[in-house]
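Single-structure report; data block below.
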Amino acid sequence: MTQQNVVVSETKTGINSGGSTITVAQKPPAAPGYIPIPRRRILKNLEINGGQRINTWIDSMRASSPTHVKSTPSLAEEYNSWILRHPSALDMFEQIMDASKGKQIVMFLDYDGTLSPIVDDPDRAFMSESMRKTVRQLARCFPTAIVTGRCIDKVYNFVRLAELYYAGSHGMDIKGPTKESKYNKNKKAEEILFQPAREFVPMINEVYEQLVEKTKLTPGARVENHKFCASVHFRCVEEKRWVELAEQVKSVIKEYPKLRLTQGRKVLEIRPAIKWDKGKALEFLLESLGFANCNDVFPVYIGDDRTDEDAFKKLRDRGQGFGILVSKFPKDTTASYSLQEPNEVMDFLQRLVEWKKVSTRSRSRV
């Protein structure tokens with residue numbers, strides 16, 4: 001890893017299961033390598049399989065759209081089967097807390113669709129004051145990170161809590177708290193900064209400009225620059241024009257073999273083709289907190305999007321903690337539990353805070 005891509009403090013502060021502060025040497029993680037996709041293969045796939053791939057993206061967007069979900073006996077049966085495999089985290093709260101006993105809980109939260117509702121205008125995805133208050137209380141009880149596809153500056157302007165860790169651009173821009181807390185008593189901890197895709201910023205800017213120009217005649221199309229990645233929103237575009245918009249995006253990206261396309265909820269994401277995602281960001285943050293090879297950590301990741309699946313899978317592979325999917329509808333997921341909407345997320349977080357307060361009082365009496 002080159003110096004331009006990563007800046008990390010020399011030491012880091014961690015919290016062991018007993019709540020005491022520990023300081024360990026901080027080493028930068030190995031540099032994420034490129035996903036080896038030859039340019040010739042990319043162009044061939046885009047030309048030969050492009051139509052099929054676009055249809056897959058569009059079908060997935062339609063499936064995730066509530067306007068296409070009709071209440072039918074078969075759907076109800078499918079949901080009942082799904083909820084048995086991914087029960088409500090609220091209903092299973094006591095069991096989750098039992099599993100966390102003797103371990104340090106670390107919270108990871110997506111933003112859009114998790115802490116704020118999904119809205120047509122991404123610039124108006126505000127979190128409620130009650131949610132902000134809840135997340136502030138949560139951060140006083142547990143190390144807490146926001147992990148989002150948005151650029152870090154934009155999501156910070158929404159959240160406005162300096163005591164949190166932030167991982168923007170799908171984990172390609174990571175910063176530590178700028179406000180001291182009991183989980184961040186070493187002043188150097190605020191210097192934690194990891195940007196594995198820094199060299200791609202000029203390329204992302206170039207692609208962003210081209211996408212804005214290419215899509216400007218498609219009503220409702222919205223292109224966002226997240227610094228280390230970009231996104232094209234389909235939410236306000238007439239469905240009959242989705243294929244046309246996807247073709248426009250494809251026509252730009254095929255000229256950039258070091259970038260890749262991924263699909264989210266009514267959005268196509270343009271990201272560097274490096275081996276880095278929200279799961280890698282989760283792992284990096286756990287290491288920064290001193291939990292690289294610990295058995296006494298209990299990470300909980302809550303998210304609603306396909307990109308969060310990388311984090312859910314990472315937790316399952318580690319055999320630690322749980323993933324919680326936010327969705328009203330059945331989805332393929334590696335998350336263990338589910339919540340239906342941001343209001344349920346807030347209820348779960350409030351219960352978590354209250355549980356921590358009660359358990360702390362109980363220990364103080366002993």
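Letters A, B, ... mark the chains of the structure tokens in the order given; residue numbers begin at 1 per chain; ligand numbers begin at 1, in order shown.
When DSSP is run on the backbone, the residues of segment 93-154 of chain A that fall into helix (DSSP H, G or I) are A:Phe93, A:Glu94, A:Gln95, A:Ile96, A:Met97, A:Asp98, A:Ala99, A:Ser100, A:Pro122, A:Asp123, A:Arg124, A:Glu129, A:Ser130, A:Met131, A:Arg132, A:Lys133, A:Thr134, A:Val135, A:Arg136, A:Gln137, A:Leu138, A:Ala139, A:Arg140, A:Cys141, A:Ile152, A:Asp153, A:Lys154.
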Per DSSP on the backbone, what are the strand (DSSP E) residues of segment 235-363 of chain A, as a list in words? Leu259, Arg260, Leu261, Thr262, Gln263, Gly264, Val267, Leu268, Glu269, Ile270, Arg271, Pro272, Val297, Phe298, Pro299, Val300, Tyr301, Ile302, Gly303, Phe322, Gly323, Ile324, Leu325, Val326, Tyr337, Ser338 and Leu339 of chain A
Find the residues around Phe200 of chain A up to 10 Å (only C-alpha atoms counted), leave out those fewer than 4 positions away in its own chain, and share them as a PDB file with C-alpha atoms, in the first residue's frame.
```pdb
ATOM      1  CA  PRO A 196      -7.767   2.200  -0.621  1.00  0.00           C
ATOM      2  CA  ILE A 204     -14.467   8.765 -10.941  1.00  0.00           C
ATOM      3  CA  ASN A 205     -14.719  12.522 -11.543  1.00  0.00           C
ATOM      4  CA  GLU A 206     -14.239  11.968 -15.266  1.00  0.00           C
ATOM      5  CA  LYS A 227     -15.702  10.764  -4.430  1.00  0.00           C
ATOM      6  CA  PHE A 228     -14.481   7.153  -4.627  1.00  0.00           C
ATOM      7  CA  CYS A 229     -17.492   5.842  -6.523  1.00  0.00           C
ATOM      8  CA  LYS A 258     -10.601  -0.560 -13.920  1.00  0.00           C
ATOM      9  CA  LEU A 259     -14.186   0.228 -12.877  1.00  0.00           C
ATOM     10  CA  ARG A 271     -16.924   1.450  -8.286  1.00  0.00           C
ATOM     11  CA  PRO A 272     -13.181   0.767  -8.597  1.00  0.00           C
ATOM     12  CA  ALA A 273     -12.489  -2.862  -9.439  1.00  0.00           C
TER      13      ALA A 273
END
```
List every residue of segment 155-242 of chain A that has an atom at most 10 Å from any atom of segment 119-123 of chain A, giving for each one its closest atom pair and the distance in Å to one decimal, counting only C-alpha atoms, sorted by chain and then by ascending residue number, as a Markdown table.
```
| residue | atom | partner | partner_atom | distance |
| --- | --- | --- | --- | --- |
| A:Val155 | CA | A:Asp123 | CA | 10.0 |
| A:Phe158 | CA | A:Asp123 | CA | 9.3 |
| A:Gly220 | CA | A:Asp120 | CA | 9.6 |
| A:Arg222 | CA | A:Asp121 | CA | 8.8 |
| A:Glu224 | CA | A:Pro122 | CA | 9.0 |
| A:His233 | CA | A:Pro122 | CA | 9.0 |
| A:Phe234 | CA | A:Asp120 | CA | 9.4 |
| A:Arg235 | CA | A:Asp120 | CA | 6.2 |
| A:Cys236 | CA | A:Asp120 | CA | 6.4 |
```
Take the residues that were just selected and, keeping N, CA, C and O atoms, output them as a PDB file, in the first residue's frame.
```
ATOM      1  N   VAL A 155     -22.760  12.105   4.194  1.00  0.00           N
ATOM      2  CA  VAL A 155     -23.440  11.367   5.254  1.00  0.00           C
ATOM      3  C   VAL A 155     -23.187  12.018   6.609  1.00  0.00           C
ATOM      4  O   VAL A 155     -24.070  12.032   7.487  1.00  0.00           O
ATOM      5  N   PHE A 158     -25.613  14.692   7.239  1.00  0.00           N
ATOM      6  CA  PHE A 158     -26.920  14.167   7.645  1.00  0.00           C
ATOM      7  C   PHE A 158     -26.923  13.743   9.114  1.00  0.00           C
ATOM      8  O   PHE A 158     -27.848  14.029   9.861  1.00  0.00           O
ATOM      9  N   GLY A 220     -35.730  12.488 -14.902  1.00  0.00           N
ATOM     10  CA  GLY A 220     -35.682  11.833 -13.596  1.00  0.00           C
ATOM     11  C   GLY A 220     -34.360  11.192 -13.256  1.00  0.00           C
ATOM     12  O   GLY A 220     -34.125  10.822 -12.100  1.00  0.00           O
ATOM     13  N   ARG A 222     -30.651  10.670 -12.135  1.00  0.00           N
ATOM     14  CA  ARG A 222     -29.853  11.431 -11.173  1.00  0.00           C
ATOM     15  C   ARG A 222     -28.499  10.753 -11.015  1.00  0.00           C
ATOM     16  O   ARG A 222     -28.431   9.546 -10.743  1.00  0.00           O
ATOM     17  N   GLU A 224     -24.842  10.819  -8.969  1.00  0.00           N
ATOM     18  CA  GLU A 224     -24.168  11.336  -7.775  1.00  0.00           C
ATOM     19  C   GLU A 224     -22.695  10.956  -7.792  1.00  0.00           C
ATOM     20  O   GLU A 224     -22.337   9.845  -8.188  1.00  0.00           O
ATOM     21  N   HIS A 233     -29.166   6.989 -10.260  1.00  0.00           N
ATOM     22  CA  HIS A 233     -30.437   6.643  -9.622  1.00  0.00           C
ATOM     23  C   HIS A 233     -31.556   6.500 -10.647  1.00  0.00           C
ATOM     24  O   HIS A 233     -31.716   7.340 -11.530  1.00  0.00           O
ATOM     25  N   PHE A 234     -32.328   5.438 -10.490  1.00  0.00           N
ATOM     26  CA  PHE A 234     -33.448   5.133 -11.379  1.00  0.00           C
ATOM     27  C   PHE A 234     -34.794   5.457 -10.729  1.00  0.00           C
ATOM     28  O   PHE A 234     -35.833   5.358 -11.379  1.00  0.00           O
ATOM     29  N   ARG A 235     -34.791   5.834  -9.462  1.00  0.00           N
ATOM     30  CA  ARG A 235     -36.023   5.924  -8.670  1.00  0.00           C
ATOM     31  C   ARG A 235     -37.057   6.861  -9.286  1.00  0.00           C
ATOM     32  O   ARG A 235     -38.267   6.607  -9.193  1.00  0.00           O
ATOM     33  N   CYS A 236     -36.618   7.974  -9.893  1.00  0.00           N
ATOM     34  CA  CYS A 236     -37.560   8.950 -10.447  1.00  0.00           C
ATOM     35  C   CYS A 236     -37.667   8.863 -11.972  1.00  0.00           C
ATOM     36  O   CYS A 236     -38.219   9.759 -12.618  1.00  0.00           O
TER      37      CYS A 236
END
```
Find the spatial neighbours of Ala167 of chain A, counting only C-alpha atoms, within a cut-off of 12 Å - ignore same-chain residues fewer than 6 positions away - and output them as a PyMOL selection string. chain A and resi 108-111+144-156+173-177+192-196+226+228+276-285
Work out how far atom CA of Asn225 of chain A is from atom CA of Ala139 of chain A, in Å to one decimal. 28.6 Å
